[in-house]
Amino acid sequence: MAGAVAARADIVSTIENAKSGTTVNVSGTYSVTVPIYVPGGVTVTGPATFNFNNAANGFICNGSNVHLNQLTVTGSGNVGIYIYGVSGCVINSCVAEGNANTGIQIQASGANNNTIQYCQSYNNVDTATQGQNADGITCKFGAGTGNVVKNCTMHGNADDGSDLWNAGAPVTFTSCTAYSNGKLAQGNGNGFKMGASGDHNAHSYTSCIAYSNSGVNGGSGFNQNGNVGAVHLTTCHSYSNQNKDVLNNCILSNCTMEQ
């Protein structure tokens, strides 16, 4: 029967060879130079810090039902925590900071029913492309149904706090905060970017706050960005951003927005 595993010497191998149902307990600080592919059904639980030393990515959920708990992920040369085309993953109480692209990203067809909760994603910066890409938390590029982001904070990222560019289905945000995003010359600097031109997604935001965001071609707290879906905002608040909110097809309830 699968159980708990604790290891330090070769943490990459330990995690990648863990069987479904196993919990790998980690602690302290790890310095690694390659991405870590977490098998389906495996839980990695800290608290622990992983410095990826400019590896191609950080943690990659390599199957469904991966759980990552209390991990700090830094130094990835691309995405810090990647949910790519898999379902049922839970990213809980993690920190993604100082990565060269987005901190935590859900992407691609098949990425359904994933949850990102109680996480922080900040100071992720793509210097090479002057801030065009590095967001805090994203769900984009055809990601599927049932994805949820709740009780998360995104700040100081080079592009947007959150980006739902070409998501394949509506995403639910609850009690999230985005501030001070848009750090480099080409960063859009939106708190919550709610889609892209051609999208028809009725995303949902409840009790979300955006403030002090600024950037080029953006700088709004909430920006629908061409998405024509009926986005629902309930008890959301936006203030002190560079530009007014862009809410062309939004349905607002008990919100205070910059209009």
# chains A, B, ... in the order shown; residues from 1 in each chain; ligands from 1
$ residues_around --residues "A:Tyr30" --least-positions-apart "4" --cutoff "8 Å" --atoms "only C-alpha atoms" --output "list in words"
Ala48, Thr49, Phe50 and Asn51 of chain A
$ select_by_dssp --residues "stretch 63-206 of chain A" --states "strand (DSSP E or B)" --output "VMD selection string"
chain A and resid 67 to 74 81 to 84 90 to 92 95 to 97 104 to 107 115 to 117 120 to 122 137 to 140 148 to 150 153 to 155 162 to 163 172 to 174 177 to 179 192 to 193 204 to 206
$ write_last_selection --atoms "C-alpha atoms" --output "tab-separated table (two decimals), in the first residue's frame"
chain	number	residue	atom	x	y	z
A	67	HIS	CA	-1.41	17.66	-4.93
A	68	LEU	CA	1.30	20.19	-4.07
A	69	ASN	CA	1.18	21.61	-0.54
A	70	GLN	CA	3.24	24.34	1.15
A	71	LEU	CA	5.96	24.58	-1.48
A	72	THR	CA	7.89	27.71	-2.44
A	73	VAL	CA	9.02	27.56	-6.06
A	74	THR	CA	11.62	30.02	-7.33
A	81	ILE	CA	4.15	25.31	-11.31
A	82	TYR	CA	2.63	23.90	-14.50
A	83	ILE	CA	-0.69	22.05	-14.84
A	84	TYR	CA	-0.62	21.07	-18.51
A	90	VAL	CA	-4.75	20.88	-6.25
A	91	ILE	CA	-2.09	23.52	-5.65
A	92	ASN	CA	-2.48	24.47	-2.00
A	95	VAL	CA	4.36	30.37	-3.25
A	96	ALA	CA	5.68	30.99	-6.76
A	97	GLU	CA	8.13	33.88	-6.87
A	104	ILE	CA	1.33	29.07	-11.63
A	105	GLN	CA	-0.29	28.10	-14.93
A	106	ILE	CA	-3.18	25.85	-16.03
A	107	GLN	CA	-3.07	25.17	-19.76
A	115	THR	CA	-7.88	24.07	-8.01
A	116	ILE	CA	-5.33	26.70	-7.00
A	117	GLN	CA	-5.99	27.86	-3.44
A	120	GLN	CA	0.84	33.62	-3.57
A	121	SER	CA	2.45	34.36	-6.92
A	122	TYR	CA	4.68	37.41	-7.09
A	137	ILE	CA	-1.70	32.87	-11.97
A	138	THR	CA	-3.14	31.91	-15.37
A	139	CYS	CA	-5.64	29.57	-16.93
A	140	LYS	CA	-5.22	29.83	-20.70
A	148	VAL	CA	-11.01	27.30	-9.75
A	149	VAL	CA	-8.71	29.91	-8.19
A	150	LYS	CA	-9.54	30.96	-4.64
A	153	THR	CA	-2.73	36.85	-4.08
A	154	MET	CA	-0.83	37.98	-7.19
A	155	HIS	CA	1.45	41.01	-7.10
A	162	SER	CA	-4.09	36.85	-13.59
A	163	ASP	CA	-4.56	36.10	-17.30
A	172	THR	CA	-14.10	30.74	-11.20
A	173	PHE	CA	-12.18	33.20	-8.99
A	174	THR	CA	-13.13	33.73	-5.34
A	177	THR	CA	-6.31	39.96	-4.79
A	178	ALA	CA	-4.13	41.41	-7.58
A	179	TYR	CA	-2.00	44.49	-7.07
A	192	PHE	CA	-7.38	40.46	-13.71
A	193	LYS	CA	-7.24	39.99	-17.48
A	204	SER	CA	-16.96	34.38	-12.51
A	205	TYR	CA	-15.28	36.65	-9.94
A	206	THR	CA	-16.56	36.91	-6.37
$ closest_residue --among "A:Ser76, A:Gln242, A:Asn57, A:Asn65" --to "A:Asn124" --atoms "only C-alpha atoms"
A:Ser76
$ residues_around --residues "A:Val231" --least-positions-apart "4" --cutoff "7 Å" --atoms "only C-alpha atoms" --output "list in words"
Ala202, His203, Ser204, Asn249, Cys250 and Ile251 of chain A
$ closest_residue --among "A:Ser253, A:Asn166, A:Thr45, A:Asn78" --to "A:Gly229" --atoms "only C-alpha atoms"
A:Asn166
$ atom_distance --atom1 "atom CA of A:Lys19" --atom2 "atom CA of A:Pro39"
7.3 Å
$ select_by_dssp --residues "stretch 8-199 of chain A" --states "alpha helix (DSSP H)" --output "VMD selection string"
chain A and resid 11 to 16
